[in-house]
file data.pdb (PDB, C-alpha atoms and all ligand atoms)
ATOM      1  CA  MET A   1     -74.041 156.385 113.177
ATOM      2  CA  ALA A   2     -74.257 157.117 116.910
ATOM      3  CA  LYS A   3     -76.492 159.862 118.265
ATOM      4  CA  LEU A   4     -74.397 162.966 118.927
ATOM      5  CA  LEU A   5     -74.610 164.500 122.374
ATOM      6  CA  MET A   6     -74.355 168.165 121.467
ATOM      7  CA  GLY A   7     -73.078 170.097 124.453
ATOM      8  CA  LYS A   8     -73.071 173.219 122.345
ATOM      9  CA  GLU A   9     -76.871 173.150 122.037
ATOM     10  CA  VAL A  10     -77.541 172.102 125.634
ATOM     11  CA  SER A  11     -75.205 174.788 126.964
ATOM     12  CA  ALA A  12     -76.859 177.505 124.844
ATOM     13  CA  ARG A  13     -80.189 176.576 126.453
ATOM     14  CA  ILE A  14     -78.758 176.534 129.983
ATOM     15  CA  LYS A  15     -77.009 179.889 129.462
ATOM     16  CA  ALA A  16     -80.251 181.486 128.256
ATOM     17  CA  GLU A  17     -82.064 180.256 131.394
ATOM     18  CA  LEU A  18     -79.188 181.377 133.568
ATOM     19  CA  LYS A  19     -79.283 184.883 132.084
ATOM     20  CA  THR A  20     -82.861 185.271 133.343
ATOM     21  CA  GLU A  21     -81.931 183.892 136.772
ATOM     22  CA  VAL A  22     -78.992 186.296 137.007
ATOM     23  CA  GLU A  23     -81.296 189.211 136.121
ATOM     24  CA  ASN A  24     -83.694 188.158 138.885
ATOM     25  CA  LEU A  25     -80.861 187.902 141.402
ATOM     26  CA  LYS A  26     -79.661 191.395 140.465
ATOM     27  CA  LYS A  27     -83.168 192.702 141.262
ATOM     28  CA  GLU A  28     -82.593 191.405 144.787
ATOM     29  CA  GLY A  29     -79.397 193.445 144.965
ATOM     30  CA  ILE A  30     -76.942 190.585 144.381
ATOM     31  CA  ASN A  31     -74.604 190.877 141.419
ATOM     32  CA  PRO A  32     -72.710 187.630 140.663
ATOM     33  CA  GLY A  33     -69.041 188.290 139.900
ATOM     34  CA  LEU A  34     -66.256 186.009 138.699
ATOM     35  CA  ALA A  35     -62.520 186.735 139.007
ATOM     36  CA  VAL A  36     -60.323 184.816 136.579
ATOM     37  CA  ILE A  37     -56.565 184.777 137.144
ATOM     38  CA  ILE A  38     -54.126 183.656 134.483
ATOM     39  CA  VAL A  39     -50.373 183.582 135.067
ATOM     40  CA  GLY A  40     -48.124 183.461 132.010
ATOM     41  CA  GLU A  41     -48.828 183.150 128.306
ATOM     42  CA  ASP A  42     -49.906 179.532 127.725
ATOM     43  CA  PRO A  43     -51.891 179.843 124.446
ATOM     44  CA  ALA A  44     -54.512 177.186 125.316
ATOM     45  CA  SER A  45     -55.109 178.808 128.717
ATOM     46  CA  GLN A  46     -55.510 182.195 127.046
ATOM     47  CA  VAL A  47     -58.221 180.776 124.788
ATOM     48  CA  TYR A  48     -60.029 179.178 127.768
ATOM     49  CA  VAL A  49     -59.890 182.421 129.749
ATOM     50  CA  ARG A  50     -61.206 184.452 126.809
ATOM     51  CA  ASN A  51     -64.097 181.989 126.433
ATOM     52  CA  LYS A  52     -64.886 182.287 130.142
ATOM     53  CA  GLU A  53     -65.032 186.095 129.895
ATOM     54  CA  ARG A  54     -67.295 185.846 126.854
ATOM     55  CA  ALA A  55     -69.631 183.419 128.662
ATOM     56  CA  CYS A  56     -69.857 185.839 131.599
ATOM     57  CA  GLU A  57     -70.963 188.587 129.203
ATOM     58  CA  GLU A  58     -73.574 186.303 127.637
ATOM     59  CA  CYS A  59     -75.058 185.472 131.052
ATOM     60  CA  GLY A  60     -74.874 189.010 132.454
ATOM     61  CA  ILE A  61     -72.256 187.997 135.023
ATOM     62  CA  TYR A  62     -69.722 190.635 136.070
ATOM     63  CA  SER A  63     -66.137 189.471 135.509
ATOM     64  CA  GLU A  64     -62.637 190.623 136.365
ATOM     65  CA  LYS A  65     -59.618 189.238 134.547
ATOM     66  CA  TYR A  66     -56.136 189.304 136.062
ATOM     67  CA  ALA A  67     -53.534 188.474 133.412
ATOM     68  CA  LEU A  68     -50.269 188.274 135.358
ATOM     69  CA  PRO A  69     -46.786 187.922 133.862
ATOM     70  CA  ALA A  70     -45.067 184.501 134.003
ATOM     71  CA  GLU A  71     -42.510 185.905 136.500
ATOM     72  CA  THR A  72     -45.214 186.650 139.108
ATOM     73  CA  THR A  73     -44.108 185.264 142.471
ATOM     74  CA  GLN A  74     -46.170 182.902 144.568
ATOM     75  CA  GLU A  75     -46.436 185.589 147.260
ATOM     76  CA  GLU A  76     -47.836 188.106 144.770
ATOM     77  CA  LEU A  77     -50.408 185.589 143.572
ATOM     78  CA  LEU A  78     -51.376 184.676 147.153
ATOM     79  CA  LYS A  79     -51.815 188.378 147.956
ATOM     80  CA  LEU A  80     -54.189 188.829 145.004
ATOM     81  CA  ILE A  81     -56.204 185.743 146.016
ATOM     82  CA  ASP A  82     -56.481 187.106 149.559
ATOM     83  CA  GLU A  83     -57.799 190.421 148.236
ATOM     84  CA  LEU A  84     -60.370 188.640 146.072
ATOM     85  CA  ASN A  85     -61.401 186.369 148.966
ATOM     86  CA  ASN A  86     -62.347 189.542 150.834
ATOM     87  CA  LYS A  87     -63.887 191.450 147.915
ATOM     88  CA  SER A  88     -67.675 191.527 148.184
ATOM     89  CA  SER A  89     -68.259 192.082 144.431
ATOM     90  CA  ILE A  90     -66.570 188.738 143.691
ATOM     91  CA  SER A  91     -68.589 185.531 144.218
ATOM     92  CA  GLY A  92     -66.218 183.135 142.461
ATOM     93  CA  ILE A  93     -62.442 182.917 141.995
ATOM     94  CA  LEU A  94     -60.727 180.779 139.371
ATOM     95  CA  VAL A  95     -56.986 180.425 138.869
ATOM     96  CA  GLN A  96     -56.423 178.987 135.412
ATOM     97  CA  LEU A  97     -54.219 175.891 135.547
ATOM     98  CA  PRO A  98     -51.458 175.064 134.917
ATOM     99  CA  VAL A  99     -49.526 177.777 136.772
ATOM    100  CA  PRO A 100     -45.782 178.297 136.051
ATOM    101  CA  LYS A 101     -43.439 175.755 137.672
ATOM    102  CA  HIS A 102     -42.077 178.102 140.368
ATOM    103  CA  ILE A 103     -45.598 178.395 141.835
ATOM    104  CA  ASP A 104     -46.974 175.504 143.893
ATOM    105  CA  GLU A 105     -50.412 174.609 142.559
ATOM    106  CA  LYS A 106     -51.653 173.041 145.817
ATOM    107  CA  THR A 107     -50.672 176.136 147.855
ATOM    108  CA  ILE A 108     -52.619 178.331 145.446
ATOM    109  CA  ILE A 109     -55.723 176.137 145.487
ATOM    110  CA  ASN A 110     -55.616 175.989 149.298
ATOM    111  CA  ALA A 111     -55.574 179.797 149.447
ATOM    112  CA  ILE A 112     -58.897 180.237 147.638
ATOM    113  CA  ALA A 113     -61.819 180.677 150.058
ATOM    114  CA  PRO A 114     -63.848 177.437 149.818
ATOM    115  CA  ASN A 115     -67.091 179.434 149.412
ATOM    116  CA  LYS A 116     -65.646 181.177 146.317
ATOM    117  CA  ASP A 117     -63.972 178.094 144.844
ATOM    118  CA  VAL A 118     -66.081 177.738 141.696
ATOM    119  CA  ASP A 119     -63.698 175.069 140.339
ATOM    120  CA  ALA A 120     -64.272 172.915 143.471
ATOM    121  CA  PHE A 121     -60.549 172.115 143.667
ATOM    122  CA  HIS A 122     -60.073 173.136 147.336
ATOM    123  CA  PRO A 123     -59.704 170.091 149.644
ATOM    124  CA  VAL A 124     -62.795 171.194 151.603
ATOM    125  CA  ASN A 125     -64.907 171.042 148.447
ATOM    126  CA  VAL A 126     -63.236 167.811 147.276
ATOM    127  CA  GLY A 127     -64.124 166.269 150.661
ATOM    128  CA  LYS A 128     -67.710 167.466 150.403
ATOM    129  CA  ILE A 129     -68.047 165.807 147.002
ATOM    130  CA  MET A 130     -66.657 162.595 148.462
ATOM    131  CA  VAL A 131     -69.356 162.466 151.162
ATOM    132  CA  GLY A 132     -72.075 163.519 148.737
ATOM    133  CA  ASN A 133     -73.019 166.813 150.405
ATOM    134  CA  TYR A 134     -71.570 169.485 148.166
ATOM    135  CA  ASP A 135     -72.025 173.069 147.004
ATOM    136  CA  PHE A 136     -69.475 173.268 144.172
ATOM    137  CA  VAL A 137     -68.696 170.587 141.579
ATOM    138  CA  PRO A 138     -65.710 170.691 139.193
ATOM    139  CA  CYS A 139     -67.040 172.159 135.961
ATOM    140  CA  THR A 140     -66.129 169.409 133.492
ATOM    141  CA  PRO A 141     -67.604 166.480 135.471
ATOM    142  CA  ALA A 142     -70.640 168.667 136.224
ATOM    143  CA  GLY A 143     -71.031 169.316 132.488
ATOM    144  CA  VAL A 144     -70.758 165.615 131.702
ATOM    145  CA  MET A 145     -73.464 164.775 134.261
ATOM    146  CA  GLU A 146     -75.707 167.473 132.797
ATOM    147  CA  LEU A 147     -75.221 166.061 129.273
ATOM    148  CA  ILE A 148     -75.964 162.529 130.483
ATOM    149  CA  LYS A 149     -79.130 163.790 132.199
ATOM    150  CA  GLU A 150     -80.246 165.753 129.112
ATOM    151  CA  SER A 151     -79.893 162.620 126.993
ATOM    152  CA  GLY A 152     -82.267 160.686 129.214
ATOM    153  CA  ILE A 153     -79.631 158.143 130.227
ATOM    154  CA  ASP A 154     -80.228 156.520 133.624
ATOM    155  CA  VAL A 155     -76.829 155.919 135.264
ATOM    156  CA  SER A 156     -78.233 153.620 137.966
ATOM    157  CA  GLY A 157     -76.712 150.131 137.758
ATOM    158  CA  LYS A 158     -74.703 150.960 134.617
ATOM    159  CA  GLU A 159     -71.075 149.930 134.156
ATOM    160  CA  CYS A 160     -69.261 153.281 134.097
ATOM    161  CA  VAL A 161     -65.595 153.264 133.120
ATOM    162  CA  ILE A 162     -63.413 156.360 133.355
ATOM    163  CA  VAL A 163     -60.080 156.494 131.561
ATOM    164  CA  GLY A 164     -57.912 158.973 133.489
ATOM    165  CA  ARG A 165     -57.579 159.742 137.195
ATOM    166  CA  SER A 166     -56.922 163.482 137.359
ATOM    167  CA  ASN A 167     -58.145 165.601 140.258
ATOM    168  CA  ILE A 168     -59.896 167.885 137.754
ATOM    169  CA  VAL A 169     -61.878 165.238 135.854
ATOM    170  CA  GLY A 170     -61.306 161.522 136.556
ATOM    171  CA  LYS A 171     -61.666 161.389 140.331
ATOM    172  CA  PRO A 172     -64.632 163.766 140.750
ATOM    173  CA  MET A 173     -66.307 162.186 137.707
ATOM    174  CA  ALA A 174     -66.169 158.831 139.484
ATOM    175  CA  MET A 175     -67.828 160.291 142.579
ATOM    176  CA  LEU A 176     -70.647 161.950 140.648
ATOM    177  CA  LEU A 177     -71.420 158.746 138.721
ATOM    178  CA  LEU A 178     -71.270 156.783 141.983
ATOM    179  CA  HIS A 179     -73.752 159.187 143.602
ATOM    180  CA  GLU A 180     -76.106 158.325 140.712
ATOM    181  CA  ASN A 181     -75.669 154.626 141.533
ATOM    182  CA  GLY A 182     -73.388 153.741 138.652
ATOM    183  CA  THR A 183     -70.894 150.876 139.054
ATOM    184  CA  VAL A 184     -67.702 152.834 138.606
ATOM    185  CA  THR A 185     -64.211 151.781 137.510
ATOM    186  CA  ILE A 186     -61.344 154.263 137.234
ATOM    187  CA  THR A 187     -58.567 153.219 134.854
ATOM    188  CA  HIS A 188     -55.206 154.872 134.200
ATOM    189  CA  SER A 189     -51.792 154.482 132.599
ATOM    190  CA  ARG A 190     -50.857 151.478 134.799
ATOM    191  CA  THR A 191     -54.134 149.615 134.266
ATOM    192  CA  LYS A 192     -53.668 146.110 132.893
ATOM    193  CA  ASN A 193     -55.943 144.845 130.113
ATOM    194  CA  LEU A 194     -57.441 148.303 129.608
ATOM    195  CA  ALA A 195     -59.393 147.366 126.459
ATOM    196  CA  GLU A 196     -61.075 144.467 128.275
ATOM    197  CA  ILE A 197     -62.318 146.838 130.959
ATOM    198  CA  THR A 198     -63.424 149.619 128.612
ATOM    199  CA  ARG A 199     -65.272 147.068 126.435
ATOM    200  CA  ASP A 200     -67.509 146.346 129.435
ATOM    201  CA  ALA A 201     -68.547 149.978 129.788
ATOM    202  CA  ASP A 202     -72.139 151.073 129.240
ATOM    203  CA  ILE A 203     -70.878 154.606 129.861
ATOM    204  CA  LEU A 204     -67.255 155.321 128.946
ATOM    205  CA  VAL A 205     -65.644 158.635 129.917
ATOM    206  CA  ALA A 206     -62.329 159.352 128.186
ATOM    207  CA  ALA A 207     -60.216 161.883 130.082
ATOM    208  CA  VAL A 208     -56.580 160.962 129.437
ATOM    209  CA  GLY A 209     -55.412 163.893 127.345
ATOM    210  CA  LYS A 210     -54.052 161.698 124.546
ATOM    211  CA  PRO A 211     -55.341 162.204 121.005
ATOM    212  CA  LYS A 212     -57.541 159.340 119.678
ATOM    213  CA  PHE A 213     -56.473 157.064 122.561
ATOM    214  CA  VAL A 214     -59.783 155.153 122.695
ATOM    215  CA  THR A 215     -60.004 153.055 119.552
ATOM    216  CA  GLY A 216     -62.809 151.036 117.964
ATOM    217  CA  ASP A 217     -61.815 147.748 119.640
ATOM    218  CA  MET A 218     -62.060 149.379 123.102
ATOM    219  CA  VAL A 219     -65.790 150.135 123.051
ATOM    220  CA  LYS A 220     -68.940 148.056 123.390
ATOM    221  CA  GLU A 221     -71.731 148.144 120.791
ATOM    222  CA  GLY A 222     -74.333 150.710 121.818
ATOM    223  CA  ALA A 223     -72.226 152.265 124.606
ATOM    224  CA  VAL A 224     -72.444 155.936 125.594
ATOM    225  CA  VAL A 225     -69.053 157.544 124.982
ATOM    226  CA  ILE A 226     -68.155 160.859 126.613
ATOM    227  CA  ASP A 227     -65.003 162.433 125.224
ATOM    228  CA  VAL A 228     -63.458 165.007 127.551
ATOM    229  CA  GLY A 229     -60.238 165.423 125.545
ATOM    230  CA  ILE A 230     -59.219 168.510 123.613
ATOM    231  CA  ASN A 231     -56.087 167.693 121.605
ATOM    232  CA  ARG A 232     -54.509 168.360 118.234
ATOM    233  CA  ASP A 233     -53.959 165.454 115.825
ATOM    234  CA  GLU A 234     -50.927 164.989 113.489
ATOM    235  CA  GLU A 235     -52.448 167.536 111.078
ATOM    236  CA  GLY A 236     -53.029 170.096 113.829
ATOM    237  CA  LYS A 237     -56.795 169.493 113.758
ATOM    238  CA  LEU A 238     -58.776 169.586 117.020
ATOM    239  CA  CYS A 239     -59.605 166.072 118.235
ATOM    240  CA  GLY A 240     -60.645 164.265 121.397
ATOM    241  CA  ASP A 241     -59.283 161.336 123.406
ATOM    242  CA  VAL A 242     -61.542 159.056 121.357
ATOM    243  CA  ASP A 243     -60.918 158.033 117.751
ATOM    244  CA  PHE A 244     -64.294 159.365 116.619
ATOM    245  CA  ASP A 245     -64.219 157.798 113.125
ATOM    246  CA  GLN A 246     -63.439 154.348 114.528
ATOM    247  CA  VAL A 247     -66.154 154.291 117.170
ATOM    248  CA  LYS A 248     -68.984 156.391 115.704
ATOM    249  CA  ASP A 249     -70.762 153.512 113.935
ATOM    250  CA  LYS A 250     -70.387 151.105 116.832
ATOM    251  CA  VAL A 251     -71.546 153.073 119.875
ATOM    252  CA  GLY A 252     -75.026 154.385 120.716
ATOM    253  CA  MET A 253     -74.165 157.946 121.705
ATOM    254  CA  ILE A 254     -71.028 160.036 121.567
ATOM    255  CA  THR A 255     -69.958 163.606 122.300
ATOM    256  CA  PRO A 256     -68.160 165.245 119.343
ATOM    257  CA  VAL A 257     -64.963 167.310 119.721
ATOM    258  CA  PRO A 258     -65.403 170.230 119.431
ATOM    259  CA  GLY A 259     -69.021 170.958 120.402
ATOM    260  CA  GLY A 260     -69.510 168.190 122.991
ATOM    261  CA  VAL A 261     -68.217 168.455 126.543
ATOM    262  CA  GLY A 262     -66.178 171.665 126.041
ATOM    263  CA  PRO A 263     -69.040 174.184 125.933
ATOM    264  CA  MET A 264     -70.682 172.455 128.923
ATOM    265  CA  THR A 265     -67.610 173.055 131.096
ATOM    266  CA  ILE A 266     -67.793 176.820 130.733
ATOM    267  CA  THR A 267     -71.551 176.857 131.158
ATOM    268  CA  MET A 268     -71.195 174.964 134.438
ATOM    269  CA  LEU A 269     -68.686 177.590 135.591
ATOM    270  CA  MET A 270     -71.346 180.243 134.981
ATOM    271  CA  GLU A 271     -73.892 178.159 136.884
ATOM    272  CA  GLN A 272     -71.508 177.715 139.833
ATOM    273  CA  THR A 273     -70.758 181.449 139.951
ATOM    274  CA  TYR A 274     -74.486 182.166 140.025
ATOM    275  CA  GLN A 275     -75.003 179.555 142.770
ATOM    276  CA  ALA A 276     -72.151 181.047 144.827
ATOM    277  CA  ALA A 277     -73.788 184.492 144.624
ATOM    278  CA  LEU A 278     -77.185 182.997 145.477
ATOM    279  CA  ARG A 279     -75.728 181.360 148.599
ATOM    280  CA  SER A 280     -74.259 184.698 149.681
ATOM    281  CA  LEU A 281     -77.813 186.099 149.550
ATOM    282  CA  LYS A 282     -79.076 183.274 151.738
ATOM    283  CA  GLY A 283     -76.091 183.805 154.049
TER     284      GLY A 283
HETATM  285  N1  LIG B 301     -57.194 174.034 133.309
HETATM  286  C1  LIG B 301     -57.769 173.023 132.621
HETATM  287  N2  LIG B 301     -59.015 172.801 133.073
HETATM  288  C2  LIG B 301     -59.224 173.679 134.071
HETATM  289  C3  LIG B 301     -60.332 173.958 134.922
HETATM  290  O1  LIG B 301     -61.387 173.323 134.864
HETATM  291  N3  LIG B 301     -60.147 174.957 135.823
HETATM  292  C4  LIG B 301     -58.993 175.657 135.916
HETATM  293  N4  LIG B 301     -58.911 176.592 136.839
HETATM  294  N5  LIG B 301     -57.957 175.435 135.141
HETATM  295  C5  LIG B 301     -58.073 174.456 134.217
END

call {"tool": "encode", "arguments": {"input": "data.pdb", "output": "structure tokens"}}
result
Amino acid sequence: MAKLLMGKEVSARIKAELKTEVENLKKEGINPGLAVIIVGEDPASQVYVRNKERACEECGIYSEKYALPAETTQEELLKLIDELNNKSSISGILVQLPVPKHIDEKTIINAIAPNKDVDAFHPVNVGKIMVGNYDFVPCTPAGVMELIKESGIDVSGKECVIVGRSNIVGKPMAMLLLHENGTVTITHSRTKNLAEITRDADILVAAVGKPKFVTGDMVKEGAVVIDVGINRDEEGKLCGDVDFDQVKDKVGMITPVPGGVGPMTITMLMEQTYQAALRSLKG
């Protein structure tokens, strides 16, 4: 049985440390604050937003939640973002994705002030990640890197294969692994001979959003498997993008779902909000 990389435990430790750091920052007169905007009633998004609010409470971070109706216009949303960009009690702004179809996601992301963009989705922050000189990192890839570090895995020279090329996970994940000197391959739905490529991976990151997509024949013995997926299987049970039962006795390390990458994502959001507030102190 593979060693389990327990994000739940690592994130509890990081949050406890962060709580102390937040307290110290408050003594200097800086109060980190996160604004979370959710438009519409997507049930998964509602759960994520609730978890983000709870994490803020745990870390002593002030939070404001804006739950807007699905009919909210793009102009109304842009107006709110503008207000939050200029609000000194807010260090970080997050618009939960996806937004309803009548709102253009790119326009919304572009409207968030880059120095409050705790998701690191704004093109300025994406560009900074690309050149390796960045303030914010998207929370899920940041959480994965933290888990890899905690496990004592040295990325340098390793074959790193990412399944999925989203702006939220796949692409930034590739950059972060590259900055650590990994040899990085990004695969996607048009990739030919996918299993051949994934079987070469020392570190395999599954971020496709398809339940149990990575099967036993797609992994190498002893590999490190990071499962970013959060899906429901045929029985409605929570599962990842990796078929855990098929790979668990073959690979060296694996993140379970739930309790693996998920808790790390939210913890990284807390860390980024703290860092944003800290930078405002330094000017
Ligand atoms: N929806 C799914 N993942 C994310 C995320 O990391 N940030 C935001 N804002 N929305 C999401």

call {"tool": "closest_atom_pairs", "arguments": {"input": "data.pdb", "of": "chain A", "to": "ligand LIG 301 (chain B)", "cutoff": "8 Å", "atoms": "only C-alpha atoms and all ligand atoms", "output": "tab-separated table"}}
result
residue	atom	partner	partner_atom	distance
A:Ser45	CA	B:LIG301	N1	6.9
A:Leu94	CA	B:LIG301	N4	5.2
A:Val95	CA	B:LIG301	N4	4.7
A:Gln96	CA	B:LIG301	N4	3.7
A:Leu97	CA	B:LIG301	N5	3.8
A:Pro98	CA	B:LIG301	N1	6.0
A:Asp119	CA	B:LIG301	N3	5.7
A:Pro138	CA	B:LIG301	O1	6.7
A:Cys139	CA	B:LIG301	O1	5.9
A:Thr140	CA	B:LIG301	O1	6.3
A:Ile168	CA	B:LIG301	O1	6.3
A:Thr265	CA	B:LIG301	O1	7.3

call {"tool": "write_last_selection", "arguments": {"input": "data.pdb", "atoms": "C-alpha atoms", "output": "mmCIF file, in the coordinates of the input"}}
result
data_model
loop_
_atom_site.group_PDB
_atom_site.id
_atom_site.type_symbol
_atom_site.label_atom_id
_atom_site.label_comp_id
_atom_site.auth_asym_id
_atom_site.auth_seq_id
_atom_site.Cartn_x
_atom_site.Cartn_y
_atom_site.Cartn_z
ATOM 1 C CA SER A 45 -55.109 178.808 128.717
ATOM 2 C CA LEU A 94 -60.727 180.779 139.371
ATOM 3 C CA VAL A 95 -56.986 180.425 138.869
ATOM 4 C CA GLN A 96 -56.423 178.987 135.412
ATOM 5 C CA LEU A 97 -54.219 175.891 135.547
ATOM 6 C CA PRO A 98 -51.458 175.064 134.917
ATOM 7 C CA ASP A 119 -63.698 175.069 140.339
ATOM 8 C CA PRO A 138 -65.710 170.691 139.193
ATOM 9 C CA CYS A 139 -67.040 172.159 135.961
ATOM 10 C CA THR A 140 -66.129 169.409 133.492
ATOM 11 C CA ILE A 168 -59.896 167.885 137.754
ATOM 12 C CA THR A 265 -67.610 173.055 131.096
#

call {"tool": "axis_aligned_box", "arguments": {"input": "data.pdb", "around": "range 254-265 of chain A", "padding_each_side": "8 Å", "output": "JSON"}}
result
{"center_x": -68.0, "center_y": 167.1, "center_z": 125.2, "size_x": 22.1, "size_y": 30.1, "size_z": 27.8}

call {"tool": "resolve_selection", "arguments": {"input": "data.pdb", "expression": "the PyMOL selection byres (((chain A and resi 222) around 7) and not hetatm)", "output": "PyMOL selection string"}}
result
chain A and resi 220-221+223-224+250-252

call {"tool": "residues_around", "arguments": {"input": "data.pdb", "residues": "Pro100 in chain A", "least_positions_apart": "2", "cutoff": "8 Å", "atoms": "only C-alpha atoms", "output": "PyMOL selection string"}}
result
chain A and resi 39-40+70+98+102-103

call {"tool": "resolve_selection", "arguments": {"input": "data.pdb", "expression": "the PyMOL selection byres (((chain A and resi 225-242) around 7) and not hetatm)", "output": "list of chain:residue names"}}
result
A:Ile203, A:Leu204, A:Val205, A:Ala206, A:Ala207, A:Val208, A:Gly209, A:Lys210, A:Pro211, A:Lys212, A:Phe213, A:Val214, A:Thr215, A:Ala223, A:Val224, A:Asp243, A:Phe244, A:Met253, A:Ile254, A:Thr255, A:Val257, A:Val261

call {"tool": "atom_distance", "arguments": {"input": "data.pdb", "atom1": "CA of Thr183 in chain A", "atom2": "CA of Glu9 in chain A"}}
result
28.7 Å

call {"tool": "closest_residue", "arguments": {"input": "data.pdb", "among": "A:Leu77, A:Leu18, A:Val144, A:Ile61", "to": "Thr107 in chain A", "atoms": "only C-alpha atoms"}}
result
A:Leu77

call {"tool": "residues_around", "arguments": {"input": "data.pdb", "residues": "Val137 in chain A", "least_positions_apart": "4", "cutoff": "9 Å", "atoms": "only C-alpha atoms", "output": "number ranges by chain"}}
result
A: 118-121, 125-126, 129, 141-142, 172, 176, 268, 272

call {"tool": "closest_residue", "arguments": {"input": "data.pdb", "among": "A:His188, A:Arg54, A:Lys26, A:Lys158", "to": "Asp202 in chain A", "atoms": "only C-alpha atoms"}}
result
A:Lys158

call {"tool": "atom_distance", "arguments": {"input": "data.pdb", "atom1": "CA of Arg190 in chain A", "atom2": "CA of Leu178 in chain A"}}
result
22.3 Å

call {"tool": "resolve_selection", "arguments": {"input": "data.pdb", "expression": "the PyMOL selection byres (((chain A and resi 23) around 12) and not hetatm)", "output": "list in words"}}
result
Ala16, Glu17, Leu18, Lys19, Thr20, Glu21, Val22, Asn24, Leu25, Lys26, Lys27, Glu28, Gly29, Ile30, Asn31, Pro32, Glu58, Cys59, Gly60, Ile61, Tyr62, Tyr274 and Leu278 of chain A

call {"tool": "closest_residue", "arguments": {"input": "data.pdb", "among": "A:Asn86, A:Gly152, A:Gly92, A:Asp200", "to": "Arg279 in chain A", "atoms": "all atoms listed in the file"}}
result
A:Gly92

call {"tool": "decode", "arguments": {"input": "data.pdb", "residues": "range 104-115 of chain A", "atoms": "N, CA, C and O atoms", "output": "compact mmCIF listing (two decimals), in the first residue's frame"}}
result
# COMPACT_ATOMS: atom_id res chain seq x y z
N ASP A 104 -18.99 37.36 -18.43
CA ASP A 104 -17.74 36.92 -19.07
C ASP A 104 -16.64 36.77 -18.00
O ASP A 104 -16.22 37.74 -17.38
N GLU A 105 -16.21 35.53 -17.85
CA GLU A 105 -15.24 35.21 -16.79
C GLU A 105 -13.95 36.03 -16.92
O GLU A 105 -13.43 36.57 -15.93
N LYS A 106 -13.44 36.15 -18.13
CA LYS A 106 -12.17 36.87 -18.34
C LYS A 106 -12.29 38.35 -17.94
O LYS A 106 -11.39 38.92 -17.34
N THR A 107 -13.45 38.97 -18.29
CA THR A 107 -13.67 40.37 -17.94
C THR A 107 -13.66 40.55 -16.42
O THR A 107 -13.09 41.52 -15.90
N ILE A 108 -14.26 39.60 -15.73
CA ILE A 108 -14.32 39.66 -14.27
C ILE A 108 -12.93 39.52 -13.67
O ILE A 108 -12.51 40.29 -12.79
N ILE A 109 -12.19 38.53 -14.13
CA ILE A 109 -10.84 38.30 -13.60
C ILE A 109 -9.95 39.53 -13.85
O ILE A 109 -9.21 39.96 -12.98
N ASN A 110 -10.09 40.12 -15.05
CA ASN A 110 -9.29 41.30 -15.40
C ASN A 110 -9.60 42.50 -14.51
O ASN A 110 -8.79 43.42 -14.40
N ALA A 111 -10.81 42.51 -13.93
CA ALA A 111 -11.23 43.66 -13.12
C ALA A 111 -10.66 43.63 -11.70
O ALA A 111 -10.63 44.66 -11.02
N ILE A 112 -10.22 42.47 -11.27
CA ILE A 112 -9.69 42.36 -9.89
C ILE A 112 -8.29 42.98 -9.85
O ILE A 112 -7.46 42.70 -10.72
N ALA A 113 -8.06 43.84 -8.86
CA ALA A 113 -6.73 44.48 -8.73
C ALA A 113 -5.68 43.38 -8.57
O ALA A 113 -5.84 42.51 -7.69
N PRO A 114 -4.63 43.38 -9.40
CA PRO A 114 -3.63 42.31 -9.31
C PRO A 114 -3.05 42.12 -7.90
O PRO A 114 -2.77 40.99 -7.50
N ASN A 115 -2.96 43.21 -7.12
CA ASN A 115 -2.38 43.05 -5.76
C ASN A 115 -3.39 42.53 -4.73
O ASN A 115 -3.06 42.35 -3.57
